[in-house]
Amino acid sequence: MSAAPEPQEESFLSHLVELRNRLMRAVLAVLAVFVLLLPFAQTIYSAFAQPLLAKLPTGGQIIAIDVASPFFVPIKLAFVLAAMLAMPMVLYQLWAFVAPGLYRHEKRLAVPLLVSATALFYLGCAFAWFLVLPVVFGFLAAVTPEGVAMMTDISRYLDFVLVIFLAFGFSFEVPVAVVILAVLGWVSVEQLKAARSYVIVGAFVIAAIITPPDVISQLMLAIPMCLLYELGIVAARVLARDKAPDAEG
């Protein structure tokens, strides 16, 4: 007769099953939104192309170099959009998996951080869409040499905009990163203040690397990053003040 599984092994297997179930629910959430968006993939891409089309000269258009790209690129965009829209559900499944192993004070801090991180990522993408991309495409259209027709491939346009979205989305996570560093005790509020000048320089270096080579778009990334760093310092100071009475008690 085979020996019964030990409690530790049984607990490990139950965690694996729980992880599998959570991952399946997250994937199903993304696929469900993707299926809903799929019939509108062409319409979604048409709307997605408007920031560039609005800055092109009269008669300007986006072209398709690859034979199958008019079919596959809108589907790719629909899937990326589905993943972004389903992200709260994906993060909830992640939270539901790790929450039982957290202490009460860790849960109390993790929920606001998770919600804030999601909201800031969406805010960064919205900032890029409504403010940055019009400026970037306006600049690129203005510096196009005379006699050169600016006609971008639909696949490369999608990749370019997604990179901008990711860059601004993750850049807007600066306050969350600052708070996490302070909560873990790796840095103090005083050290965060002392590093302010280095952060400003780093923000402008990152902006120069990520954005096109115009001053306006670089400022539109660097300045929000600096302001969000200051917001992170304020949040870290508030958390440190709240922890002090707990430590005394």
# chains A, B, ... in the order shown; residues from 1 in each chain; ligands from 1

$ residues_around --residues "Cys125 of chain A" --least-positions-apart "6" --cutoff "9 Å" --atoms "only C-alpha atoms" --output "compact mmCIF listing (two decimals) with N, CA and C atoms, in the first residue's frame"
# COMPACT_ATOMS: atom_id res chain seq x y z
N ILE A 164 4.86 53.51 -26.37
CA ILE A 164 4.57 54.76 -25.67
C ILE A 164 3.62 54.51 -24.50
N PHE A 165 2.58 53.69 -24.73
CA PHE A 165 1.64 53.36 -23.65
C PHE A 165 2.35 52.71 -22.48
N LEU A 166 3.18 51.71 -22.78
CA LEU A 166 3.90 51.01 -21.71
C LEU A 166 4.86 51.95 -20.99
N ALA A 167 5.54 52.80 -21.75
CA ALA A 167 6.50 53.72 -21.14
C ALA A 167 5.80 54.66 -20.17
N PHE A 168 4.69 55.26 -20.60
CA PHE A 168 4.00 56.20 -19.73
C PHE A 168 3.23 55.47 -18.62
N GLY A 169 2.67 54.30 -18.94
CA GLY A 169 1.96 53.55 -17.93
C GLY A 169 2.86 53.15 -16.78
N PHE A 172 4.23 56.14 -14.67
CA PHE A 172 3.29 56.69 -13.71
C PHE A 172 3.19 55.83 -12.44

$ residues_around --residues "Gly185 of chain A" --least-positions-apart "5" --cutoff "12 Å" --atoms "only C-alpha atoms" --output "JSON, numbers by chain"
{"A": [178, 179, 180, 191, 192, 236, 239, 240, 243]}

$ write_last_selection --atoms "N, CA and C atoms" --output "JSON list (two decimals), in the first residue's frame"
[["chain", "number", "residue", "atom", "x", "y", "z"],
["A", 178, "VAL", "N", 7.95, 54.21, -4.92],
["A", 178, "VAL", "CA", 8.53, 54.96, -3.80],
["A", 178, "VAL", "C", 7.93, 54.49, -2.47],
["A", 179, "VAL", "N", 6.62, 54.30, -2.43],
["A", 179, "VAL", "CA", 5.96, 53.85, -1.21],
["A", 179, "VAL", "C", 6.43, 52.46, -0.82],
["A", 180, "ILE", "N", 6.56, 51.57, -1.79],
["A", 180, "ILE", "CA", 7.02, 50.21, -1.49],
["A", 180, "ILE", "C", 8.43, 50.22, -0.90],
["A", 191, "GLN", "N", 16.02, 60.16, 2.98],
["A", 191, "GLN", "CA", 16.83, 59.72, 1.85],
["A", 191, "GLN", "C", 16.13, 59.98, 0.52],
["A", 192, "LEU", "N", 14.81, 59.81, 0.51],
["A", 192, "LEU", "CA", 14.05, 60.11, -0.70],
["A", 192, "LEU", "C", 14.16, 61.58, -1.06],
["A", 236, "ALA", "N", 4.68, 58.33, 1.39],
["A", 236, "ALA", "CA", 5.59, 57.62, 2.28],
["A", 236, "ALA", "C", 5.66, 58.31, 3.64],
["A", 239, "LEU", "N", 2.48, 57.39, 5.56],
["A", 239, "LEU", "CA", 2.55, 56.02, 6.06],
["A", 239, "LEU", "C", 3.52, 55.91, 7.24],
["A", 240, "ALA", "N", 4.64, 56.62, 7.15],
["A", 240, "ALA", "CA", 5.59, 56.59, 8.27],
["A", 240, "ALA", "C", 4.98, 57.19, 9.52],
["A", 243, "LYS", "N", 2.62, 54.64, 11.00],
["A", 243, "LYS", "CA", 3.29, 53.49, 11.60],
["A", 243, "LYS", "C", 3.87, 53.81, 12.96]]

$ residues_around --residues "segment 227-229 of chain A" --least-positions-apart "2" --cutoff "10 Å" --atoms "only C-alpha atoms" --output "ChimeraX atom specification"
/A:120,171-179,192-193,196,199-200,203,222-225,231-235

$ write_last_selection --atoms "C-alpha atoms" --output "compact mmCIF listing (two decimals), in the first residue's frame"
# COMPACT_ATOMS: atom_id res chain seq x y z
CA LEU A 120 -1.92 55.05 -12.28
CA SER A 171 6.44 55.69 -15.52
CA PHE A 172 3.29 56.69 -13.71
CA GLU A 173 3.96 53.88 -11.20
CA VAL A 174 6.67 55.99 -9.56
CA PRO A 175 4.60 56.82 -6.42
CA VAL A 176 3.83 53.14 -5.85
CA ALA A 177 7.50 52.21 -6.22
CA VAL A 178 8.53 54.96 -3.80
CA VAL A 179 5.96 53.85 -1.21
CA LEU A 192 14.05 60.11 -0.70
CA LYS A 193 14.23 63.87 -0.31
CA ARG A 196 15.43 64.34 -5.43
CA VAL A 199 15.65 61.50 -9.67
CA ILE A 200 15.10 64.66 -11.71
CA ALA A 203 13.64 61.32 -15.26
CA ALA A 222 9.92 63.96 -17.30
CA ILE A 223 7.79 66.56 -15.47
CA PRO A 224 4.99 64.13 -14.51
CA MET A 225 7.59 61.63 -13.29
CA LEU A 231 3.59 62.49 -4.50
CA GLY A 232 5.32 59.25 -3.52
CA ILE A 233 7.35 61.10 -0.89
CA VAL A 234 4.17 62.61 0.56
CA ALA A 235 2.50 59.18 0.68

$ closest_residue --among "A:Phe34, A:Phe137, A:Tyr198, A:Trp95" --to "Pro112 of chain A" --atoms "only C-alpha atoms"
A:Trp95

$ closest_residue --among "A:Ala195, A:Met220, A:Leu23, A:Ile210" --to "Phe97 of chain A" --atoms "only C-alpha atoms"
A:Leu23

$ residues_around --residues "Leu56 of chain A" --least-positions-apart "4" --cutoff "8 Å" --atoms "only C-alpha atoms" --output "JSON, numbers by chain"
{"A": [52, 60, 61, 141, 150]}
